[in-house]
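Containing PDB, C-alpha atoms: entry-v5.pdb.
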ATOM      1  CA  ASP V   1     -35.498  26.121 -15.333  1.00  0.00           C
ATOM      2  CA  SER V   2     -33.019  28.114 -17.414  1.00  0.00           C
ATOM      3  CA  GLY V   3     -31.409  29.896 -14.480  1.00  0.00           C
ATOM      4  CA  PRO V   4     -27.633  30.220 -14.050  1.00  0.00           C
ATOM      5  CA  SER V   5     -27.371  26.986 -12.093  1.00  0.00           C
ATOM      6  CA  ASN V   6     -28.787  25.018 -15.033  1.00  0.00           C
ATOM      7  CA  LEU V   7     -26.675  26.352 -17.887  1.00  0.00           C
ATOM      8  CA  LEU V   8     -24.718  23.120 -17.686  1.00  0.00           C
ATOM      9  CA  ASP V   9     -25.985  19.895 -16.162  1.00  0.00           C
ATOM     10  CA  PHE V  10     -22.863  18.784 -14.331  1.00  0.00           C
ATOM     11  CA  GLU V  11     -24.632  15.672 -13.069  1.00  0.00           C
ATOM     12  CA  LYS V  12     -24.366  14.210 -16.564  1.00  0.00           C
ATOM     13  CA  PHE V  13     -20.623  14.110 -15.942  1.00  0.00           C
ATOM     14  CA  GLY V  14     -21.010  12.334 -12.611  1.00  0.00           C
ATOM     15  CA  ALA V  15     -20.830  15.465 -10.453  1.00  0.00           C
ATOM     16  CA  VAL V  16     -22.883  15.929  -7.299  1.00  0.00           C
ATOM     17  CA  PRO V  17     -23.516  19.090  -5.251  1.00  0.00           C
ATOM     18  CA  VAL V  18     -20.620  19.756  -2.904  1.00  0.00           C
ATOM     19  CA  SER V  19     -21.453  18.884   0.699  1.00  0.00           C
ATOM     20  CA  GLY V  20     -20.150  16.740   3.501  1.00  0.00           C
ATOM     21  CA  ARG V  21     -23.377  14.749   3.375  1.00  0.00           C
ATOM     22  CA  ASN V  22     -22.959  13.868  -0.297  1.00  0.00           C
ATOM     23  CA  LEU V  23     -19.328  12.869   0.218  1.00  0.00           C
ATOM     24  CA  TYR V  24     -20.418  10.702   3.136  1.00  0.00           C
ATOM     25  CA  ARG V  25     -23.072   9.012   0.993  1.00  0.00           C
ATOM     26  CA  LEU V  26     -20.659   8.338  -1.862  1.00  0.00           C
ATOM     27  CA  LEU V  27     -18.056   6.760   0.379  1.00  0.00           C
ATOM     28  CA  ALA V  28     -20.719   4.767   2.215  1.00  0.00           C
ATOM     29  CA  ARG V  29     -21.574   3.192  -1.159  1.00  0.00           C
ATOM     30  CA  ASN V  30     -17.883   2.448  -1.739  1.00  0.00           C
ATOM     31  CA  GLU V  31     -17.791   4.998  -4.565  1.00  0.00           C
ATOM     32  CA  SER V  32     -14.682   6.875  -5.605  1.00  0.00           C
ATOM     33  CA  ALA V  33     -14.924  10.650  -5.255  1.00  0.00           C
ATOM     34  CA  LEU V  34     -12.844  13.382  -6.865  1.00  0.00           C
ATOM     35  CA  LEU V  35     -12.780  16.331  -4.470  1.00  0.00           C
ATOM     36  CA  TYR V  36     -11.462  19.856  -5.086  1.00  0.00           C
ATOM     37  CA  PRO V  37     -10.887  21.423  -1.654  1.00  0.00           C
ATOM     38  CA  GLY V  38     -10.086  24.776  -3.279  1.00  0.00           C
ATOM     39  CA  GLY V  39     -13.656  25.051  -4.540  1.00  0.00           C
ATOM     40  CA  ILE V  40     -14.855  27.804  -6.838  1.00  0.00           C
ATOM     41  CA  ARG V  41     -12.156  30.230  -5.700  1.00  0.00           C
ATOM     42  CA  GLU V  42      -9.486  27.881  -7.005  1.00  0.00           C
ATOM     43  CA  ALA V  43     -11.380  26.936 -10.164  1.00  0.00           C
ATOM     44  CA  PHE V  44     -12.013  30.565 -11.129  1.00  0.00           C
ATOM     45  CA  LYS V  45      -8.576  31.970 -10.438  1.00  0.00           C
ATOM     46  CA  ARG V  46      -7.678  35.595 -10.910  1.00  0.00           C
ATOM     47  CA  LYS V  47      -5.022  36.725 -13.349  1.00  0.00           C
ATOM     48  CA  HIS V  48      -1.458  35.706 -12.468  1.00  0.00           C
ATOM     49  CA  GLU V  49      -2.545  33.033  -9.978  1.00  0.00           C
ATOM     50  CA  ASP V  50      -1.424  30.025 -12.016  1.00  0.00           C
ATOM     51  CA  TYR V  51      -0.970  26.841 -10.001  1.00  0.00           C
ATOM     52  CA  GLN V  52      -1.732  28.410  -6.640  1.00  0.00           C
ATOM     53  CA  LEU V  53      -3.935  26.477  -4.221  1.00  0.00           C
ATOM     54  CA  PHE V  54      -6.745  28.255  -2.389  1.00  0.00           C
ATOM     55  CA  TRP V  55      -7.674  25.683   0.204  1.00  0.00           C
ATOM     56  CA  PRO V  56      -9.397  26.898   3.374  1.00  0.00           C
ATOM     57  CA  ASP V  57      -7.586  26.752   6.678  1.00  0.00           C
ATOM     58  CA  ALA V  58      -7.298  23.251   8.133  1.00  0.00           C
ATOM     59  CA  ALA V  59      -9.721  24.172  10.926  1.00  0.00           C
ATOM     60  CA  LYS V  60     -12.443  24.722   8.304  1.00  0.00           C
ATOM     61  CA  GLY V  61     -11.440  22.370   5.514  1.00  0.00           C
ATOM     62  CA  SER V  62     -10.295  19.119   7.105  1.00  0.00           C
ATOM     63  CA  ASP V  63     -13.740  17.550   7.570  1.00  0.00           C
ATOM     64  CA  PHE V  64     -13.296  15.500   4.394  1.00  0.00           C
ATOM     65  CA  VAL V  65     -10.393  13.706   6.087  1.00  0.00           C
ATOM     66  CA  ARG V  66     -12.603  12.616   8.973  1.00  0.00           C
ATOM     67  CA  ILE V  67     -15.355  11.548   6.567  1.00  0.00           C
ATOM     68  CA  ALA V  68     -12.806   9.470   4.662  1.00  0.00           C
ATOM     69  CA  ALA V  69     -11.610   7.925   7.932  1.00  0.00           C
ATOM     70  CA  ARG V  70     -15.188   7.079   8.909  1.00  0.00           C
ATOM     71  CA  HIS V  71     -15.357   4.789   5.869  1.00  0.00           C
ATOM     72  CA  GLY V  72     -11.715   3.703   5.787  1.00  0.00           C
ATOM     73  CA  ALA V  73     -11.238   5.400   2.424  1.00  0.00           C
ATOM     74  CA  MET V  74      -7.868   5.973   0.811  1.00  0.00           C
ATOM     75  CA  ILE V  75      -6.937   9.598   0.038  1.00  0.00           C
ATOM     76  CA  VAL V  76      -4.815   9.940  -3.104  1.00  0.00           C
ATOM     77  CA  PRO V  77      -3.362  13.431  -3.744  1.00  0.00           C
ATOM     78  CA  VAL V  78      -3.406  14.319  -7.459  1.00  0.00           C
ATOM     79  CA  ALA V  79      -1.541  17.223  -9.057  1.00  0.00           C
ATOM     80  CA  SER V  80      -1.867  18.353 -12.651  1.00  0.00           C
ATOM     81  CA  VAL V  81      -0.057  20.835 -14.863  1.00  0.00           C
ATOM     82  CA  GLY V  82      -1.036  22.084 -18.300  1.00  0.00           C
ATOM     83  CA  ALA V  83      -4.605  23.291 -17.974  1.00  0.00           C
ATOM     84  CA  GLU V  84      -3.642  26.794 -16.895  1.00  0.00           C
ATOM     85  CA  GLU V  85      -1.627  27.319 -20.079  1.00  0.00           C
ATOM     86  CA  GLY V  86      -4.683  26.371 -22.110  1.00  0.00           C
ATOM     87  CA  TYR V  87      -6.453  29.705 -21.872  1.00  0.00           C
ATOM     88  CA  SER V  88      -5.871  33.428 -21.406  1.00  0.00           C
ATOM     89  CA  VAL V  89      -8.011  35.285 -18.871  1.00  0.00           C
ATOM     90  CA  LEU V  90      -9.365  38.524 -20.280  1.00  0.00           C
ATOM     91  CA  LEU V  91     -11.597  39.446 -17.324  1.00  0.00           C
ATOM     92  CA  ASP V  92     -11.385  37.593 -14.021  1.00  0.00           C
ATOM     93  CA  THR V  93     -14.032  37.427 -11.306  1.00  0.00           C
ATOM     94  CA  ALA V  94     -12.874  40.652  -9.655  1.00  0.00           C
ATOM     95  CA  ASP V  95     -12.861  42.473 -12.997  1.00  0.00           C
ATOM     96  CA  LEU V  96     -16.419  41.353 -13.780  1.00  0.00           C
ATOM     97  CA  LEU V  97     -17.764  42.297 -10.354  1.00  0.00           C
ATOM     98  CA  ASN V  98     -16.264  45.752 -10.720  1.00  0.00           C
ATOM     99  CA  LEU V  99     -17.589  46.539 -14.177  1.00  0.00           C
ATOM    100  CA  PRO V 100     -19.010  50.084 -14.342  1.00  0.00           C
ATOM    101  CA  GLY V 101     -22.503  51.213 -15.229  1.00  0.00           C
ATOM    102  CA  GLY V 102     -24.253  48.700 -13.003  1.00  0.00           C
ATOM    103  CA  LEU V 103     -22.928  45.740 -14.998  1.00  0.00           C
ATOM    104  CA  GLY V 104     -20.887  44.450 -12.068  1.00  0.00           C
ATOM    105  CA  GLU V 105     -23.943  44.487  -9.836  1.00  0.00           C
ATOM    106  CA  ARG V 106     -25.904  42.534 -12.436  1.00  0.00           C
ATOM    107  CA  VAL V 107     -23.150  39.913 -12.516  1.00  0.00           C
ATOM    108  CA  ARG V 108     -23.260  39.702  -8.720  1.00  0.00           C
ATOM    109  CA  ARG V 109     -27.059  39.262  -8.654  1.00  0.00           C
ATOM    110  CA  SER V 110     -26.903  36.587 -11.335  1.00  0.00           C
ATOM    111  CA  ALA V 111     -24.254  34.653  -9.373  1.00  0.00           C
ATOM    112  CA  ALA V 112     -26.293  34.851  -6.170  1.00  0.00           C
ATOM    113  CA  GLY V 113     -28.741  32.270  -7.481  1.00  0.00           C
ATOM    114  CA  VAL V 114     -26.110  29.621  -8.166  1.00  0.00           C
ATOM    115  CA  PRO V 115     -25.666  26.869  -5.531  1.00  0.00           C
ATOM    116  CA  ARG V 116     -22.327  26.978  -3.789  1.00  0.00           C
ATOM    117  CA  GLY V 117     -20.404  24.572  -1.633  1.00  0.00           C
ATOM    118  CA  ARG V 118     -18.826  27.105   0.703  1.00  0.00           C
ATOM    119  CA  VAL V 119     -19.940  30.312   2.385  1.00  0.00           C
ATOM    120  CA  ASN V 120     -18.800  33.505   0.620  1.00  0.00           C
ATOM    121  CA  GLU V 121     -17.966  31.733  -2.658  1.00  0.00           C
ATOM    122  CA  THR V 122     -18.799  33.730  -5.775  1.00  0.00           C
ATOM    123  CA  PHE V 123     -19.723  31.665  -8.824  1.00  0.00           C
ATOM    124  CA  VAL V 124     -18.566  34.077 -11.527  1.00  0.00           C
ATOM    125  CA  ALA V 125     -16.621  32.400 -14.298  1.00  0.00           C
ATOM    126  CA  PRO V 126     -13.860  34.468 -15.878  1.00  0.00           C
ATOM    127  CA  VAL V 127     -14.017  35.602 -19.480  1.00  0.00           C
ATOM    128  CA  ALA V 128     -11.254  33.670 -21.198  1.00  0.00           C
ATOM    129  CA  LEU V 129     -10.013  32.656 -24.623  1.00  0.00           C
ATOM    130  CA  PRO V 130      -8.377  29.331 -25.464  1.00  0.00           C
ATOM    131  CA  ARG V 131      -4.709  29.350 -26.328  1.00  0.00           C
ATOM    132  CA  LEU V 132      -3.699  27.460 -29.434  1.00  0.00           C
ATOM    133  CA  PRO V 133      -2.103  25.062 -29.986  1.00  0.00           C
ATOM    134  CA  PRO V 134      -3.238  23.111 -26.914  1.00  0.00           C
ATOM    135  CA  PRO V 135      -0.648  22.472 -24.179  1.00  0.00           C
ATOM    136  CA  ARG V 136       0.475  19.084 -22.962  1.00  0.00           C
ATOM    137  CA  TYR V 137      -1.030  17.863 -19.707  1.00  0.00           C
ATOM    138  CA  TYR V 138       0.965  16.237 -16.902  1.00  0.00           C
ATOM    139  CA  PHE V 139      -0.349  14.400 -13.844  1.00  0.00           C
ATOM    140  CA  CYS V 140       1.319  13.223 -10.664  1.00  0.00           C
ATOM    141  CA  PHE V 141      -0.269  10.903  -8.102  1.00  0.00           C
ATOM    142  CA  GLY V 142       1.095  11.434  -4.605  1.00  0.00           C
ATOM    143  CA  GLN V 143       1.571   9.099  -1.686  1.00  0.00           C
ATOM    144  CA  PRO V 144      -1.793   7.499  -0.785  1.00  0.00           C
ATOM    145  CA  VAL V 145      -3.026   8.164   2.746  1.00  0.00           C
ATOM    146  CA  ASP V 146      -4.613   5.183   4.486  1.00  0.00           C
ATOM    147  CA  THR V 147      -7.235   6.628   6.840  1.00  0.00           C
ATOM    148  CA  ARG V 148      -8.201   3.326   8.481  1.00  0.00           C
ATOM    149  CA  THR V 149      -5.945   3.983  11.450  1.00  0.00           C
ATOM    150  CA  LEU V 150      -7.132   7.569  11.943  1.00  0.00           C
ATOM    151  CA  ASP V 151      -9.377   8.265  14.923  1.00  0.00           C
ATOM    152  CA  ILE V 152     -12.350  10.178  13.510  1.00  0.00           C
ATOM    153  CA  GLU V 153     -12.693  12.035  16.823  1.00  0.00           C
ATOM    154  CA  ASP V 154      -9.104  13.280  16.642  1.00  0.00           C
ATOM    155  CA  HIS V 155      -9.547  16.656  14.967  1.00  0.00           C
ATOM    156  CA  GLU V 156      -5.890  17.592  15.289  1.00  0.00           C
ATOM    157  CA  ALA V 157      -4.794  14.419  13.497  1.00  0.00           C
ATOM    158  CA  ALA V 158      -7.284  15.164  10.709  1.00  0.00           C
ATOM    159  CA  LYS V 159      -5.862  18.671  10.338  1.00  0.00           C
ATOM    160  CA  GLN V 160      -2.363  17.247  10.101  1.00  0.00           C
ATOM    161  CA  VAL V 161      -3.403  14.857   7.332  1.00  0.00           C
ATOM    162  CA  TYR V 162      -5.131  17.743   5.530  1.00  0.00           C
ATOM    163  CA  ARG V 163      -1.966  19.873   5.670  1.00  0.00           C
ATOM    164  CA  SER V 164       0.134  16.924   4.541  1.00  0.00           C
ATOM    165  CA  VAL V 165      -2.083  16.290   1.513  1.00  0.00           C
ATOM    166  CA  ARG V 166      -1.962  19.955   0.545  1.00  0.00           C
ATOM    167  CA  THR V 167       1.833  20.049   0.858  1.00  0.00           C
ATOM    168  CA  ASP V 168       2.105  16.878  -1.215  1.00  0.00           C
ATOM    169  CA  ILE V 169       0.076  18.468  -4.013  1.00  0.00           C
ATOM    170  CA  GLU V 170       2.035  21.733  -3.904  1.00  0.00           C
ATOM    171  CA  ASP V 171       5.329  19.818  -4.058  1.00  0.00           C
ATOM    172  CA  SER V 172       4.050  17.677  -6.934  1.00  0.00           C
ATOM    173  CA  ILE V 173       2.966  20.759  -8.903  1.00  0.00           C
ATOM    174  CA  ALA V 174       6.398  22.317  -8.400  1.00  0.00           C
ATOM    175  CA  TRP V 175       8.066  19.059  -9.506  1.00  0.00           C
ATOM    176  CA  LEU V 176       5.907  18.801 -12.633  1.00  0.00           C
ATOM    177  CA  LEU V 177       6.595  22.424 -13.578  1.00  0.00           C
ATOM    178  CA  GLU V 178      10.336  21.871 -13.188  1.00  0.00           C
ATOM    179  CA  ARG V 179      10.451  18.544 -15.006  1.00  0.00           C
ATOM    180  CA  ARG V 180       8.198  19.795 -17.807  1.00  0.00           C
ATOM    181  CA  GLU V 181      11.024  22.048 -18.960  1.00  0.00           C
ATOM    182  CA  THR V 182      13.112  18.948 -19.755  1.00  0.00           C
ATOM    183  CA  ASP V 183      10.377  17.334 -21.883  1.00  0.00           C
ATOM    184  CA  PRO V 184      11.556  17.491 -25.516  1.00  0.00           C
ATOM    185  CA  TYR V 185       7.934  17.123 -26.665  1.00  0.00           C
ATOM    186  CA  LYS V 186       6.229  19.581 -24.343  1.00  0.00           C
ATOM    187  CA  ASP V 187       5.441  21.884 -27.292  1.00  0.00           C
ATOM    188  CA  PHE V 188       2.791  20.941 -29.816  1.00  0.00           C
ATOM    189  CA  GLY V 189       5.011  21.076 -32.914  1.00  0.00           C
ATOM    190  CA  PRO V 190       7.588  18.407 -31.993  1.00  0.00           C
ATOM    191  CA  ARG V 191       4.852  16.279 -30.441  1.00  0.00           C
ATOM    192  CA  PHE V 192       2.749  16.463 -33.604  1.00  0.00           C
ATOM    193  CA  VAL V 193       5.687  15.591 -35.883  1.00  0.00           C
ATOM    194  CA  TYR V 194       6.666  12.615 -33.713  1.00  0.00           C
ATOM    195  CA  GLU V 195       3.172  11.143 -33.634  1.00  0.00           C
ATOM    196  CA  VAL V 196       2.576  11.708 -37.360  1.00  0.00           C
ATOM    197  CA  ALA V 197       5.900   9.957 -38.076  1.00  0.00           C
ATOM    198  CA  THR V 198       4.683   6.917 -36.147  1.00  0.00           C
ATOM    199  CA  ASN V 199       1.362   6.971 -38.025  1.00  0.00           C
ATOM    200  CA  TRP V 200      -0.376   7.838 -34.740  1.00  0.00           C
ATOM    201  CA  THR V 201       0.598   4.477 -33.263  1.00  0.00           C
ATOM    202  CA  ARG V 202       2.797   5.911 -30.497  1.00  0.00           C
ATOM    203  CA  GLN V 203       2.420   8.807 -28.122  1.00  0.00           C
ATOM    204  CA  ALA V 204       5.372  11.155 -27.901  1.00  0.00           C
ATOM    205  CA  PRO V 205       7.449  10.305 -24.802  1.00  0.00           C
ATOM    206  CA  THR V 206       7.921  12.728 -21.954  1.00  0.00           C
ATOM    207  CA  PHE V 207      10.662  13.610 -19.497  1.00  0.00           C
ATOM    208  CA  ASP V 208      12.690  10.979 -17.645  1.00  0.00           C
ATOM    209  CA  LEU V 209      10.479   9.797 -14.775  1.00  0.00           C
ATOM    210  CA  SER V 210      13.390   8.264 -12.886  1.00  0.00           C
ATOM    211  CA  GLN V 211      14.841  11.632 -11.913  1.00  0.00           C
TER
END
Let me see whether you can do it: turn the structure in this file into structure tokens.
Amino acid sequence: DSGPSNLLDFEKFGAVPVSGRNLYRLLARNESALLYPGGIREAFKRKHEDYQLFWPDAAKGSDFVRIAARHGAMIVPVASVGAEEGYSVLLDTADLLNLPGGLGERVRRSAAGVPRGRVNETFVAPVALPRLPPPRYYFCFGQPVDTRTLDIEDHEAAKQVYRSVRTDIEDSIAWLLERRETDPYKDFGPRFVYEVATNWTRQAPTFDLSQ
């Protein structure tokens, strides 16, 4: 099948279709799972939405917390900075869906056949160009959440954990963006010169992690 959903076989990269059932199965096998609560809306951001989270309301999105608690899994918030400087969006999802001459409707029909993890998601990738040279990437791992003491029937507690994880990630993104400005090797040029001078044996250092 050469339909839109098969343009790239994500399963080769270890991905599985997004669903509570699949997350449950992974954790039941003691697998680690990387989950993006923001879904397609967050992955395919519009112009000028850099580093914004688009998580659903806790009432709709906190089920993964209860699934994690069912298996005593640890939730580790992860924030990253750098990817959104790596490309320039020429046409975002809204632009493509509003193209004149029936083109927007064709884009919408094509996207309708792609599996989605959440109701009302629109799988329309933006048209973008890479920015060169490539940016530096930064990652921050937040405070792990031990779910073993969480009552899986306590929906309010699950919502609170969900909100806490989201806040942790937002705070970590803000911290990375601020600290990045103090990294003397955040730009490609100085980083390249440093690593060439060490004959590629050392990676250029970053900002002071103790602050």
- Message: At a cut-off of 10 Å, using only C-alpha atoms, what residues contact Leu23 in chain V? Leave out same-chain residues fewer than 6 positions from it and give the result as a ChimeraX atom specification.
- Response: /V:16-17,31-35,64,67-68
- CA of Thr149 in chain V to CA of Gly72 in chain V, distance in Å rounded to a single decimal: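 Value for the CA of Thr149 in chain V-CA of Gly72 in chain V distance: 8.1 Å.
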- Note on the structure: Pairwise distance, CA of Thr93 in chain V with CA of Phe54 in chain V, equals 14.7 Å
- Rank V:Leu177, V:Leu99, V:Met74, V:Leu209 by their smallest atom-to-atom distance to Tyr137 in chain V, using only C-alpha atoms, and report the top residue only. V:Leu177
- Message: Suppose a student applies the PyMOL selection byres ((chain V and resi 107) around 12) to this structure; what residues should they get, written as a PyMOL selection string?
- Response: chain V and resi 4+93-106+108-114+122-126
- Gap from CA of Lys45 in chain V to CA of Asn120 in chain V - Å, one decimal: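 Pair CA of Lys45 in chain V / CA of Asn120 in chain V returns 15.1 Å.
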- Message: Need the shell around Lys186 in chain V: protein/DNA/RNA residues with any atom at most 12 Å away, counting only C-alpha atoms. Skip same-chain ones fewer than 2 positions apart. Format as an NGL selection string?
- Response: :V and (81-82 or 85 or 133-138 or 176-177 or 179-184 or 188-192 or 194 or 204-207)
Could those residues be written to a file, using C-alpha atoms, as a PDB file, in the coordinates of the input?
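Final output, part04.pdb:
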ATOM      1  CA  VAL V  81      -0.057  20.835 -14.863  1.00  0.00           C
ATOM      2  CA  GLY V  82      -1.036  22.084 -18.300  1.00  0.00           C
ATOM      3  CA  GLU V  85      -1.627  27.319 -20.079  1.00  0.00           C
ATOM      4  CA  PRO V 133      -2.103  25.062 -29.986  1.00  0.00           C
ATOM      5  CA  PRO V 134      -3.238  23.111 -26.914  1.00  0.00           C
ATOM      6  CA  PRO V 135      -0.648  22.472 -24.179  1.00  0.00           C
ATOM      7  CA  ARG V 136       0.475  19.084 -22.962  1.00  0.00           C
ATOM      8  CA  TYR V 137      -1.030  17.863 -19.707  1.00  0.00           C
ATOM      9  CA  TYR V 138       0.965  16.237 -16.902  1.00  0.00           C
ATOM     10  CA  LEU V 176       5.907  18.801 -12.633  1.00  0.00           C
ATOM     11  CA  LEU V 177       6.595  22.424 -13.578  1.00  0.00           C
ATOM     12  CA  ARG V 179      10.451  18.544 -15.006  1.00  0.00           C
ATOM     13  CA  ARG V 180       8.198  19.795 -17.807  1.00  0.00           C
ATOM     14  CA  GLU V 181      11.024  22.048 -18.960  1.00  0.00           C
ATOM     15  CA  THR V 182      13.112  18.948 -19.755  1.00  0.00           C
ATOM     16  CA  ASP V 183      10.377  17.334 -21.883  1.00  0.00           C
ATOM     17  CA  PRO V 184      11.556  17.491 -25.516  1.00  0.00           C
ATOM     18  CA  PHE V 188       2.791  20.941 -29.816  1.00  0.00           C
ATOM     19  CA  GLY V 189       5.011  21.076 -32.914  1.00  0.00           C
ATOM     20  CA  PRO V 190       7.588  18.407 -31.993  1.00  0.00           C
ATOM     21  CA  ARG V 191       4.852  16.279 -30.441  1.00  0.00           C
ATOM     22  CA  PHE V 192       2.749  16.463 -33.604  1.00  0.00           C
ATOM     23  CA  TYR V 194       6.666  12.615 -33.713  1.00  0.00           C
ATOM     24  CA  ALA V 204       5.372  11.155 -27.901  1.00  0.00           C
ATOM     25  CA  PRO V 205       7.449  10.305 -24.802  1.00  0.00           C
ATOM     26  CA  THR V 206       7.921  12.728 -21.954  1.00  0.00           C
ATOM     27  CA  PHE V 207      10.662  13.610 -19.497  1.00  0.00           C
TER      28      PHE V 207
END
